[in-house]
$ cat start25.pdb   # PDB, C-alpha atoms and all ligand atoms
ATOM      1  CA  LEU N   1    -198.372-294.531  45.856  1.00  0.00           C
ATOM      2  CA  PHE N   2    -201.034-295.881  43.526  1.00  0.00           C
ATOM      3  CA  VAL N   3    -204.298-294.286  42.389  1.00  0.00           C
ATOM      4  CA  CYS N   4    -206.053-297.439  41.168  1.00  0.00           C
ATOM      5  CA  ILE N   5    -205.642-300.397  38.867  1.00  0.00           C
ATOM      6  CA  ASP N   6    -205.361-298.772  35.439  1.00  0.00           C
ATOM      7  CA  HIS N   7    -205.565-301.946  33.393  1.00  0.00           C
ATOM      8  CA  ILE N   8    -204.916-305.657  33.204  1.00  0.00           C
ATOM      9  CA  GLY N   9    -202.740-306.653  30.256  1.00  0.00           C
ATOM     10  CA  LEU N  10    -203.845-309.816  28.473  1.00  0.00           C
ATOM     11  CA  ALA N  11    -201.465-311.402  25.992  1.00  0.00           C
ATOM     12  CA  VAL N  12    -203.414-312.655  22.972  1.00  0.00           C
ATOM     13  CA  PRO N  13    -202.055-314.725  20.089  1.00  0.00           C
ATOM     14  CA  ASP N  14    -204.716-313.394  17.676  1.00  0.00           C
ATOM     15  CA  MET N  15    -206.108-309.854  18.032  1.00  0.00           C
ATOM     16  CA  ASP N  16    -209.134-310.321  15.750  1.00  0.00           C
ATOM     17  CA  GLU N  17    -210.230-313.375  17.667  1.00  0.00           C
ATOM     18  CA  ALA N  18    -209.642-311.639  21.021  1.00  0.00           C
ATOM     19  CA  LEU N  19    -211.692-308.599  19.930  1.00  0.00           C
ATOM     20  CA  ARG N  20    -214.541-310.851  18.844  1.00  0.00           C
ATOM     21  CA  LEU N  21    -214.535-312.482  22.271  1.00  0.00           C
ATOM     22  CA  HIS N  22    -214.152-309.393  24.434  1.00  0.00           C
ATOM     23  CA  VAL N  23    -216.228-306.920  22.380  1.00  0.00           C
ATOM     24  CA  ASP N  24    -218.816-309.017  20.525  1.00  0.00           C
ATOM     25  CA  VAL N  25    -219.360-311.704  23.144  1.00  0.00           C
ATOM     26  CA  MET N  26    -218.577-309.960  26.436  1.00  0.00           C
ATOM     27  CA  GLY N  27    -219.727-306.516  25.393  1.00  0.00           C
ATOM     28  CA  TRP N  28    -216.727-304.374  26.382  1.00  0.00           C
ATOM     29  CA  ARG N  29    -216.344-301.160  24.419  1.00  0.00           C
ATOM     30  CA  LEU N  30    -213.263-300.661  22.270  1.00  0.00           C
ATOM     31  CA  LEU N  31    -211.761-297.421  23.608  1.00  0.00           C
ATOM     32  CA  HIS N  32    -208.424-297.178  21.849  1.00  0.00           C
ATOM     33  CA  ARG N  33    -206.229-298.934  19.276  1.00  0.00           C
ATOM     34  CA  GLU N  34    -202.509-298.402  18.925  1.00  0.00           C
ATOM     35  CA  GLN N  35    -199.300-300.057  17.803  1.00  0.00           C
ATOM     36  CA  ASN N  36    -196.277-299.476  20.020  1.00  0.00           C
ATOM     37  CA  GLN N  37    -193.152-300.478  18.088  1.00  0.00           C
ATOM     38  CA  GLU N  38    -190.830-299.946  21.046  1.00  0.00           C
ATOM     39  CA  GLN N  39    -192.879-302.340  23.196  1.00  0.00           C
ATOM     40  CA  GLY N  40    -193.490-304.678  20.253  1.00  0.00           C
ATOM     41  CA  VAL N  41    -197.262-304.717  20.691  1.00  0.00           C
ATOM     42  CA  ASP N  42    -200.480-304.257  18.799  1.00  0.00           C
ATOM     43  CA  GLU N  43    -202.793-302.978  21.504  1.00  0.00           C
ATOM     44  CA  ALA N  44    -206.531-302.614  22.100  1.00  0.00           C
ATOM     45  CA  MET N  45    -207.843-300.906  25.252  1.00  0.00           C
ATOM     46  CA  LEU N  46    -211.305-301.986  26.379  1.00  0.00           C
ATOM     47  CA  GLY N  47    -213.631-300.509  28.974  1.00  0.00           C
ATOM     48  CA  THR N  48    -217.031-299.039  29.633  1.00  0.00           C
ATOM     49  CA  GLY N  49    -216.332-295.315  29.201  1.00  0.00           C
ATOM     50  CA  ALA N  50    -213.437-293.203  27.940  1.00  0.00           C
ATOM     51  CA  GLN N  51    -209.773-294.090  28.397  1.00  0.00           C
ATOM     52  CA  GLY N  52    -208.456-292.382  31.531  1.00  0.00           C
ATOM     53  CA  ASP N  53    -211.927-291.640  32.938  1.00  0.00           C
ATOM     54  CA  GLU N  54    -212.296-295.040  34.493  1.00  0.00           C
ATOM     55  CA  ASN N  55    -210.223-297.616  36.240  1.00  0.00           C
ATOM     56  CA  ALA N  56    -209.553-301.281  35.612  1.00  0.00           C
ATOM     57  CA  MET N  57    -209.558-301.376  31.832  1.00  0.00           C
ATOM     58  CA  ILE N  58    -208.597-304.464  29.832  1.00  0.00           C
ATOM     59  CA  GLN N  59    -205.574-304.142  27.533  1.00  0.00           C
ATOM     60  CA  LEU N  60    -205.342-306.746  24.794  1.00  0.00           C
ATOM     61  CA  LEU N  61    -201.752-307.219  23.605  1.00  0.00           C
ATOM     62  CA  ALA N  62    -200.836-309.076  20.435  1.00  0.00           C
ATOM     63  CA  PRO N  63    -197.106-309.442  19.720  1.00  0.00           C
ATOM     64  CA  LEU N  64    -195.618-307.616  16.726  1.00  0.00           C
ATOM     65  CA  SER N  65    -192.794-310.175  16.681  1.00  0.00           C
ATOM     66  CA  PRO N  66    -191.895-313.476  18.390  1.00  0.00           C
ATOM     67  CA  GLU N  67    -188.898-311.802  20.115  1.00  0.00           C
ATOM     68  CA  SER N  68    -191.055-309.135  21.798  1.00  0.00           C
ATOM     69  CA  ALA N  69    -191.943-309.373  25.489  1.00  0.00           C
ATOM     70  CA  VAL N  70    -195.488-310.508  24.659  1.00  0.00           C
ATOM     71  CA  GLY N  71    -194.263-312.872  21.948  1.00  0.00           C
ATOM     72  CA  LYS N  72    -191.934-314.594  24.414  1.00  0.00           C
ATOM     73  CA  PHE N  73    -194.667-314.702  27.052  1.00  0.00           C
ATOM     74  CA  ILE N  74    -197.048-316.513  24.679  1.00  0.00           C
ATOM     75  CA  GLU N  75    -194.326-318.904  23.561  1.00  0.00           C
ATOM     76  CA  LYS N  76    -193.483-319.791  27.190  1.00  0.00           C
ATOM     77  CA  ASN N  77    -197.194-320.294  27.777  1.00  0.00           C
ATOM     78  CA  GLY N  78    -197.435-322.999  25.140  1.00  0.00           C
ATOM     79  CA  GLY N  79    -198.791-320.690  22.444  1.00  0.00           C
ATOM     80  CA  ARG N  80    -201.757-319.575  24.534  1.00  0.00           C
ATOM     81  CA  GLY N  81    -202.610-316.140  25.888  1.00  0.00           C
ATOM     82  CA  GLY N  82    -202.813-315.196  29.545  1.00  0.00           C
ATOM     83  CA  ILE N  83    -202.456-312.387  32.052  1.00  0.00           C
ATOM     84  CA  GLN N  84    -199.182-310.706  31.095  1.00  0.00           C
ATOM     85  CA  HIS N  85    -199.192-307.762  33.520  1.00  0.00           C
ATOM     86  CA  ILE N  86    -201.199-305.623  35.931  1.00  0.00           C
ATOM     87  CA  ALA N  87    -200.839-301.858  35.593  1.00  0.00           C
ATOM     88  CA  TYR N  88    -201.071-299.519  38.582  1.00  0.00           C
ATOM     89  CA  ARG N  89    -201.978-295.899  37.810  1.00  0.00           C
ATOM     90  CA  VAL N  90    -199.923-293.138  39.434  1.00  0.00           C
ATOM     91  CA  ALA N  91    -200.230-289.359  39.391  1.00  0.00           C
ATOM     92  CA  ASP N  92    -196.497-288.608  39.625  1.00  0.00           C
ATOM     93  CA  MET N  93    -194.338-291.216  37.927  1.00  0.00           C
ATOM     94  CA  ASP N  94    -191.009-289.638  38.857  1.00  0.00           C
ATOM     95  CA  ALA N  95    -191.821-289.473  42.568  1.00  0.00           C
ATOM     96  CA  VAL N  96    -193.247-293.013  42.634  1.00  0.00           C
ATOM     97  CA  ASP N  97    -190.269-294.466  40.717  1.00  0.00           C
ATOM     98  CA  ALA N  98    -187.870-292.830  43.156  1.00  0.00           C
ATOM     99  CA  THR N  99    -189.810-294.133  46.160  1.00  0.00           C
ATOM    100  CA  LEU N 100    -190.016-297.660  44.750  1.00  0.00           C
ATOM    101  CA  ARG N 101    -186.263-297.707  44.008  1.00  0.00           C
ATOM    102  CA  GLU N 102    -185.557-296.447  47.518  1.00  0.00           C
ATOM    103  CA  ARG N 103    -187.638-299.333  48.861  1.00  0.00           C
ATOM    104  CA  GLY N 104    -185.697-301.888  46.827  1.00  0.00           C
ATOM    105  CA  ALA N 105    -188.002-302.628  43.876  1.00  0.00           C
ATOM    106  CA  THR N 106    -186.272-303.514  40.586  1.00  0.00           C
ATOM    107  CA  LEU N 107    -187.571-301.123  37.942  1.00  0.00           C
ATOM    108  CA  LEU N 108    -186.950-302.199  34.351  1.00  0.00           C
ATOM    109  CA  TYR N 109    -186.190-298.808  32.828  1.00  0.00           C
ATOM    110  CA  PRO N 110    -183.903-296.097  34.206  1.00  0.00           C
ATOM    111  CA  ALA N 111    -186.424-293.547  32.884  1.00  0.00           C
ATOM    112  CA  PRO N 112    -190.090-293.952  31.875  1.00  0.00           C
ATOM    113  CA  LYS N 113    -190.940-294.946  28.306  1.00  0.00           C
ATOM    114  CA  SER N 114    -193.855-294.104  26.084  1.00  0.00           C
ATOM    115  CA  GLY N 115    -197.077-296.078  26.670  1.00  0.00           C
ATOM    116  CA  THR N 116    -200.689-296.199  25.637  1.00  0.00           C
ATOM    117  CA  GLY N 117    -202.306-292.940  24.573  1.00  0.00           C
ATOM    118  CA  GLY N 118    -199.209-290.925  25.520  1.00  0.00           C
ATOM    119  CA  ALA N 119    -198.851-292.364  29.030  1.00  0.00           C
ATOM    120  CA  ARG N 120    -195.467-292.609  30.735  1.00  0.00           C
ATOM    121  CA  ILE N 121    -194.756-296.194  31.755  1.00  0.00           C
ATOM    122  CA  ASN N 122    -192.253-298.296  33.662  1.00  0.00           C
ATOM    123  CA  PHE N 123    -192.316-301.887  34.903  1.00  0.00           C
ATOM    124  CA  ILE N 124    -191.278-303.737  38.045  1.00  0.00           C
ATOM    125  CA  HIS N 125    -189.537-306.997  37.186  1.00  0.00           C
ATOM    126  CA  PRO N 126    -191.534-310.117  38.150  1.00  0.00           C
ATOM    127  CA  LYS N 127    -188.507-311.391  40.084  1.00  0.00           C
ATOM    128  CA  SER N 128    -188.973-308.598  42.617  1.00  0.00           C
ATOM    129  CA  THR N 129    -192.771-308.898  42.893  1.00  0.00           C
ATOM    130  CA  GLY N 130    -193.273-312.564  43.626  1.00  0.00           C
ATOM    131  CA  GLY N 131    -193.818-313.467  39.986  1.00  0.00           C
ATOM    132  CA  VAL N 132    -196.223-310.837  38.626  1.00  0.00           C
ATOM    133  CA  LEU N 133    -195.056-308.276  36.066  1.00  0.00           C
ATOM    134  CA  LEU N 134    -196.282-304.897  37.353  1.00  0.00           C
ATOM    135  CA  GLU N 135    -196.577-301.828  35.167  1.00  0.00           C
ATOM    136  CA  ILE N 136    -196.605-298.311  36.592  1.00  0.00           C
ATOM    137  CA  THR N 137    -198.460-295.874  34.356  1.00  0.00           C
ATOM    138  CA  GLU N 138    -198.989-292.134  34.478  1.00  0.00           C
ATOM    139  CA  PRO N 139    -201.760-291.244  32.024  1.00  0.00           C
ATOM    140  CA  PRO N 140    -201.389-288.013  30.049  1.00  0.00           C
ATOM    141  CA  ALA N 141    -202.893-284.913  31.678  1.00  0.00           C
ATOM    142  CA  ALA N 142    -206.694-285.162  31.528  1.00  0.00           C
ATOM    143  CA  PRO N 143    -208.249-283.299  28.615  1.00  0.00           C
ATOM    144  CA  HIS N 144    -210.661-280.471  29.510  1.00  0.00           C
ATOM    145  CA  HIS N 145    -214.259-281.558  29.045  1.00  0.00           C
TER
HETATM  146  C1  LIG Z   1    -191.401-313.181  32.097  1.00  0.00           C
HETATM  147  N1  LIG Z   1    -191.585-313.709  33.310  1.00  0.00           N
HETATM  148  C2  LIG Z   1    -192.781-313.326  33.752  1.00  0.00           C
HETATM  149  C3  LIG Z   1    -193.340-312.522  32.736  1.00  0.00           C
HETATM  150  N2  LIG Z   1    -192.454-312.450  31.729  1.00  0.00           N
HETATM  151  N3  LIG Z   1    -193.423-313.560  34.893  1.00  0.00           N
HETATM  152  C4  LIG Z   1    -194.641-313.020  35.050  1.00  0.00           C
HETATM  153  N4  LIG Z   1    -195.245-312.230  34.125  1.00  0.00           N
HETATM  154  C5  LIG Z   1    -194.629-311.971  32.965  1.00  0.00           C
HETATM  155  N5  LIG Z   1    -195.209-311.208  32.060  1.00  0.00           N
HETATM  156  C6  LIG Z   1    -190.644-314.551  34.044  1.00  0.00           C
HETATM  157  C7  LIG Z   1    -190.183-315.707  33.213  1.00  0.00           C
HETATM  158  O1  LIG Z   1    -191.099-316.750  33.262  1.00  0.00           O
HETATM  159  C8  LIG Z   1    -188.878-316.053  33.833  1.00  0.00           C
HETATM  160  O2  LIG Z   1    -189.048-316.770  35.029  1.00  0.00           O
HETATM  161  C9  LIG Z   1    -188.315-314.709  34.163  1.00  0.00           C
HETATM  162  O3  LIG Z   1    -189.444-313.834  34.301  1.00  0.00           O
HETATM  163  C10 LIG Z   1    -187.434-314.330  32.997  1.00  0.00           C
HETATM  164  O4  LIG Z   1    -187.045-313.077  33.052  1.00  0.00           O
HETATM  165  P1  LIG Z   1    -186.004-312.516  31.974  1.00  0.00           P
HETATM  166  O5  LIG Z   1    -185.058-313.569  31.563  1.00  0.00           O
HETATM  167  O6  LIG Z   1    -185.488-311.235  32.510  1.00  0.00           O
HETATM  168  O7  LIG Z   1    -186.791-312.212  30.690  1.00  0.00           O
HETATM  169  P2  LIG Z   1    -187.879-312.314  29.677  1.00  0.00           P
HETATM  170  O8  LIG Z   1    -187.183-312.264  28.360  1.00  0.00           O
HETATM  171  O9  LIG Z   1    -188.791-313.444  29.922  1.00  0.00           O
HETATM  172  O10 LIG Z   1    -188.652-310.920  29.883  1.00  0.00           O
HETATM  173  C11 LIG Z   1    -189.299-310.594  31.038  1.00  0.00           C
HETATM  174  C12 LIG Z   1    -189.436-309.072  31.111  1.00  0.00           C
HETATM  175  C13 LIG Z   1    -190.060-308.600  29.779  1.00  0.00           C
HETATM  176  C14 LIG Z   1    -190.320-308.738  32.286  1.00  0.00           C
HETATM  177  C15 LIG Z   1    -188.073-308.444  31.314  1.00  0.00           C
HETATM  178  O11 LIG Z   1    -191.319-309.219  29.597  1.00  0.00           O
HETATM  179  C16 LIG Z   1    -190.212-307.113  29.678  1.00  0.00           C
HETATM  180  O12 LIG Z   1    -189.270-306.387  29.340  1.00  0.00           O
HETATM  181  N6  LIG Z   1    -191.415-306.578  29.976  1.00  0.00           N
HETATM  182  C17 LIG Z   1    -191.678-305.151  29.959  1.00  0.00           C
HETATM  183  C18 LIG Z   1    -192.257-304.721  28.650  1.00  0.00           C
HETATM  184  C19 LIG Z   1    -193.578-305.360  28.333  1.00  0.00           C
HETATM  185  O13 LIG Z   1    -193.975-306.346  28.943  1.00  0.00           O
HETATM  186  N7  LIG Z   1    -194.259-304.803  27.298  1.00  0.00           N
HETATM  187  C20 LIG Z   1    -195.555-305.312  26.834  1.00  0.00           C
HETATM  188  C21 LIG Z   1    -196.677-304.538  27.388  1.00  0.00           C
HETATM  189  P3  LIG Z   1    -188.155-318.058  35.316  1.00  0.00           P
HETATM  190  O14 LIG Z   1    -188.479-318.999  34.187  1.00  0.00           O
HETATM  191  O15 LIG Z   1    -186.742-317.548  35.289  1.00  0.00           O
HETATM  192  O16 LIG Z   1    -188.620-318.514  36.648  1.00  0.00           O
HETATM  193  S1  LIG Z   1    -196.693-302.909  26.709  1.00  0.00           S
HETATM  194  C22 LIG Z   1    -197.832-302.001  27.640  1.00  0.00           C
HETATM  195  O17 LIG Z   1    -198.369-302.571  28.653  1.00  0.00           O
HETATM  196  C23 LIG Z   1    -198.106-300.693  27.256  1.00  0.00           C
HETATM  197  C24 LIG Z   1    -197.532-300.084  26.041  1.00  0.00           C
HETATM  198  C25 LIG Z   1    -199.003-299.834  28.080  1.00  0.00           C
HETATM  199  O18 LIG Z   1    -199.745-300.342  28.919  1.00  0.00           O
HETATM  200  O19 LIG Z   1    -198.981-298.589  27.902  1.00  0.00           O
HETATM  201 CO    CO Z   2    -199.989-302.132  29.896  1.00  0.00          CO
END
$ encode --input "start25.pdb" --output "structure tokens" --more "lines below"
Ligand code: V0V
Ligand code: CO
Amino acid sequence: LFVCIDHIGLAVPDMDEALRLHVDVMGWRLLHREQNQEQGVDEAMLGTGAQGDENAMIQLLAPLSPESAVGKFIEKNGGRGGIQHIAYRVADMDAVDATLRERGATLLYPAPKSGTGGARINFIHPKSTGGVLLEITEPPAAPHH
């Protein structure tokens, strides 16, 4: 079903501080910045190359409000950041969603929503994955190089 790990989502209370750590100290490249109002996040995607060309990126997520998913996650975590989700990349979201539903997974959204860089995203509830929030992401069609 899955192509690879697309990214690991890290909840961060303070984006500037997190960028200093991950970019200035650890040396990741900043690939993409975006605010997603629907998801309630200020997002930074980090990696070594170009978004979509590589696997296992790091997605920093700062909450846009305390009521957002990431805001609540940080609050439950005593005000600290942590691993908020793991995102699996798929090539055909609709087929994978249907298969997962058939196999009993609890998908959060009836239809995919808009994610980073124009991706289509859905989530599997942590209650049906043994406690880990899993994102399913279909990146936009690859640009021609
Ligand atoms: C909550 N729980 C988690 C969790 N968030 N467990 C593991 N990882 C997490 N991130 C646990 C929580 O401790 C409770 O366990 C239980 O789930 C509560 O579930 P709930 O009452 O349904 O609700 P909430 O309000 O805690 O919300 C959880 C869900 C929420 C998963 C429904 O976080 C959500 O809607 N997530 C999907 C959207 C999202 O996360 N967006 C941000 C990333 P106990 O205490 O009952 O045992 S946006 C993104 O990645 C983008 C844009 C992208 O990549 O393109
Ligand atoms: Co994500």
$ residues_near_ligand --input "start25.pdb" --ligand "ligand CO 2 (chain Z)" --cutoff "12 Å" --atoms "all atoms listed in the file" --output "number ranges by chain"
N: 5-11, 34, 36, 39-46, 56-62, 69-70, 83-89, 113-117, 119-123, 133-139
$ write_last_selection --input "start25.pdb" --atoms "C-alpha atoms" --output "PDB file, in the coordinates of the input"
ATOM      1  CA  ILE N   5    -205.642-300.397  38.867  1.00  0.00           C
ATOM      2  CA  ASP N   6    -205.361-298.772  35.439  1.00  0.00           C
ATOM      3  CA  HIS N   7    -205.565-301.946  33.393  1.00  0.00           C
ATOM      4  CA  ILE N   8    -204.916-305.657  33.204  1.00  0.00           C
ATOM      5  CA  GLY N   9    -202.740-306.653  30.256  1.00  0.00           C
ATOM      6  CA  LEU N  10    -203.845-309.816  28.473  1.00  0.00           C
ATOM      7  CA  ALA N  11    -201.465-311.402  25.992  1.00  0.00           C
ATOM      8  CA  GLU N  34    -202.509-298.402  18.925  1.00  0.00           C
ATOM      9  CA  ASN N  36    -196.277-299.476  20.020  1.00  0.00           C
ATOM     10  CA  GLN N  39    -192.879-302.340  23.196  1.00  0.00           C
ATOM     11  CA  GLY N  40    -193.490-304.678  20.253  1.00  0.00           C
ATOM     12  CA  VAL N  41    -197.262-304.717  20.691  1.00  0.00           C
ATOM     13  CA  ASP N  42    -200.480-304.257  18.799  1.00  0.00           C
ATOM     14  CA  GLU N  43    -202.793-302.978  21.504  1.00  0.00           C
ATOM     15  CA  ALA N  44    -206.531-302.614  22.100  1.00  0.00           C
ATOM     16  CA  MET N  45    -207.843-300.906  25.252  1.00  0.00           C
ATOM     17  CA  LEU N  46    -211.305-301.986  26.379  1.00  0.00           C
ATOM     18  CA  ALA N  56    -209.553-301.281  35.612  1.00  0.00           C
ATOM     19  CA  MET N  57    -209.558-301.376  31.832  1.00  0.00           C
ATOM     20  CA  ILE N  58    -208.597-304.464  29.832  1.00  0.00           C
ATOM     21  CA  GLN N  59    -205.574-304.142  27.533  1.00  0.00           C
ATOM     22  CA  LEU N  60    -205.342-306.746  24.794  1.00  0.00           C
ATOM     23  CA  LEU N  61    -201.752-307.219  23.605  1.00  0.00           C
ATOM     24  CA  ALA N  62    -200.836-309.076  20.435  1.00  0.00           C
ATOM     25  CA  ALA N  69    -191.943-309.373  25.489  1.00  0.00           C
ATOM     26  CA  VAL N  70    -195.488-310.508  24.659  1.00  0.00           C
ATOM     27  CA  ILE N  83    -202.456-312.387  32.052  1.00  0.00           C
ATOM     28  CA  GLN N  84    -199.182-310.706  31.095  1.00  0.00           C
ATOM     29  CA  HIS N  85    -199.192-307.762  33.520  1.00  0.00           C
ATOM     30  CA  ILE N  86    -201.199-305.623  35.931  1.00  0.00           C
ATOM     31  CA  ALA N  87    -200.839-301.858  35.593  1.00  0.00           C
ATOM     32  CA  TYR N  88    -201.071-299.519  38.582  1.00  0.00           C
ATOM     33  CA  ARG N  89    -201.978-295.899  37.810  1.00  0.00           C
ATOM     34  CA  LYS N 113    -190.940-294.946  28.306  1.00  0.00           C
ATOM     35  CA  SER N 114    -193.855-294.104  26.084  1.00  0.00           C
ATOM     36  CA  GLY N 115    -197.077-296.078  26.670  1.00  0.00           C
ATOM     37  CA  THR N 116    -200.689-296.199  25.637  1.00  0.00           C
ATOM     38  CA  GLY N 117    -202.306-292.940  24.573  1.00  0.00           C
ATOM     39  CA  ALA N 119    -198.851-292.364  29.030  1.00  0.00           C
ATOM     40  CA  ARG N 120    -195.467-292.609  30.735  1.00  0.00           C
ATOM     41  CA  ILE N 121    -194.756-296.194  31.755  1.00  0.00           C
ATOM     42  CA  ASN N 122    -192.253-298.296  33.662  1.00  0.00           C
ATOM     43  CA  PHE N 123    -192.316-301.887  34.903  1.00  0.00           C
ATOM     44  CA  LEU N 133    -195.056-308.276  36.066  1.00  0.00           C
ATOM     45  CA  LEU N 134    -196.282-304.897  37.353  1.00  0.00           C
ATOM     46  CA  GLU N 135    -196.577-301.828  35.167  1.00  0.00           C
ATOM     47  CA  ILE N 136    -196.605-298.311  36.592  1.00  0.00           C
ATOM     48  CA  THR N 137    -198.460-295.874  34.356  1.00  0.00           C
ATOM     49  CA  GLU N 138    -198.989-292.134  34.478  1.00  0.00           C
ATOM     50  CA  PRO N 139    -201.760-291.244  32.024  1.00  0.00           C
TER      51      PRO N 139
END
$ atom_distance --input "start25.pdb" --atom1 "atom O18 of ligand LIG 1 (chain Z)" --atom2 "atom CA of N:Thr99"
20.8 Å
$ closest_residue --input "start25.pdb" --among "N:Gly118, N:Asp24, N:Met93, N:Ala98" --to "ligand LIG 1 (chain Z)" --atoms "only C-alpha atoms and all ligand atoms"
N:Gly118
$ closest_residue --input "start25.pdb" --among "N:Val132, N:Ala105, N:Val96, N:Leu1" --to "ligand LIG 1 (chain Z)" --atoms "only C-alpha atoms and all ligand atoms"
N:Val132
$ closest_residue --input "start25.pdb" --among "N:Glu17, N:Ala141, N:Pro126, N:Leu108" --to "N:Asp92" --atoms "all atoms listed in the file"
N:Ala141
$ atom_distance --input "start25.pdb" --atom1 "atom CA of N:Thr106" --atom2 "atom CA of N:Val12"
26.2 Å
$ closest_residue --input "start25.pdb" --among "N:Asp16, N:Glu75, N:Asp94, N:Glu54" --to "ligand LIG 1 (chain Z)" --atoms "only C-alpha atoms and all ligand atoms"
N:Glu75
$ atom_distance --input "start25.pdb" --atom1 "atom CA of N:Ile124" --atom2 "atom CA of N:Arg29"
28.6 Å
$ closest_residue --input "start25.pdb" --among "N:His22, N:Leu30, N:Glu38, N:Ala111" --to "N:Leu64" --atoms "all atoms listed in the file"
N:Glu38
$ closest_residue --input "start25.pdb" --among "N:Phe73, N:Ser65, N:Arg80, N:Leu19" --to "ligand LIG 1 (chain Z)" --atoms "only C-alpha atoms and all ligand atoms"
N:Phe73
$ build_atoms --input "start25.pdb" --residues "stretch 62-75 of chain N" --atoms "N, CA and C atoms" --output "PDB file, in the coordinates of the input"
ATOM      1  N   ALA N  62    -201.316-308.077  21.382  1.00  0.00           N
ATOM      2  CA  ALA N  62    -200.836-309.076  20.435  1.00  0.00           C
ATOM      3  C   ALA N  62    -199.402-308.727  20.060  1.00  0.00           C
ATOM      4  N   PRO N  63    -198.525-309.727  19.993  1.00  0.00           N
ATOM      5  CA  PRO N  63    -197.106-309.442  19.720  1.00  0.00           C
ATOM      6  C   PRO N  63    -196.890-308.994  18.276  1.00  0.00           C
ATOM      7  N   LEU N  64    -195.999-308.013  18.084  1.00  0.00           N
ATOM      8  CA  LEU N  64    -195.618-307.616  16.726  1.00  0.00           C
ATOM      9  C   LEU N  64    -194.512-308.519  16.192  1.00  0.00           C
ATOM     10  N   SER N  65    -193.815-309.214  17.104  1.00  0.00           N
ATOM     11  CA  SER N  65    -192.794-310.175  16.681  1.00  0.00           C
ATOM     12  C   SER N  65    -192.623-311.230  17.762  1.00  0.00           C
ATOM     13  N   PRO N  66    -192.093-312.405  17.397  1.00  0.00           N
ATOM     14  CA  PRO N  66    -191.895-313.476  18.390  1.00  0.00           C
ATOM     15  C   PRO N  66    -190.871-313.102  19.461  1.00  0.00           C
ATOM     16  N   GLU N  67    -189.961-312.169  19.161  1.00  0.00           N
ATOM     17  CA  GLU N  67    -188.898-311.802  20.115  1.00  0.00           C
ATOM     18  C   GLU N  67    -189.376-310.750  21.108  1.00  0.00           C
ATOM     19  N   SER N  68    -190.553-310.179  20.900  1.00  0.00           N
ATOM     20  CA  SER N  68    -191.055-309.135  21.798  1.00  0.00           C
ATOM     21  C   SER N  68    -191.416-309.752  23.146  1.00  0.00           C
ATOM     22  N   ALA N  69    -191.596-308.900  24.140  1.00  0.00           N
ATOM     23  CA  ALA N  69    -191.943-309.373  25.489  1.00  0.00           C
ATOM     24  C   ALA N  69    -193.215-310.228  25.449  1.00  0.00           C
ATOM     25  N   VAL N  70    -194.229-309.757  24.721  1.00  0.00           N
ATOM     26  CA  VAL N  70    -195.488-310.508  24.659  1.00  0.00           C
ATOM     27  C   VAL N  70    -195.333-311.775  23.822  1.00  0.00           C
ATOM     28  N   GLY N  71    -194.530-311.686  22.758  1.00  0.00           N
ATOM     29  CA  GLY N  71    -194.263-312.872  21.948  1.00  0.00           C
ATOM     30  C   GLY N  71    -193.615-313.976  22.763  1.00  0.00           C
ATOM     31  N   LYS N  72    -192.628-313.598  23.586  1.00  0.00           N
ATOM     32  CA  LYS N  72    -191.934-314.594  24.414  1.00  0.00           C
ATOM     33  C   LYS N  72    -192.863-315.144  25.493  1.00  0.00           C
ATOM     34  N   PHE N  73    -193.721-314.270  26.027  1.00  0.00           N
ATOM     35  CA  PHE N  73    -194.667-314.702  27.052  1.00  0.00           C
ATOM     36  C   PHE N  73    -195.597-315.784  26.502  1.00  0.00           C
ATOM     37  N   ILE N  74    -196.123-315.550  25.288  1.00  0.00           N
ATOM     38  CA  ILE N  74    -197.048-316.513  24.679  1.00  0.00           C
ATOM     39  C   ILE N  74    -196.323-317.819  24.359  1.00  0.00           C
ATOM     40  N   GLU N  75    -195.088-317.697  23.884  1.00  0.00           N
ATOM     41  CA  GLU N  75    -194.326-318.904  23.561  1.00  0.00           C
ATOM     42  C   GLU N  75    -194.110-319.758  24.814  1.00  0.00           C
TER      43      GLU N  75
END
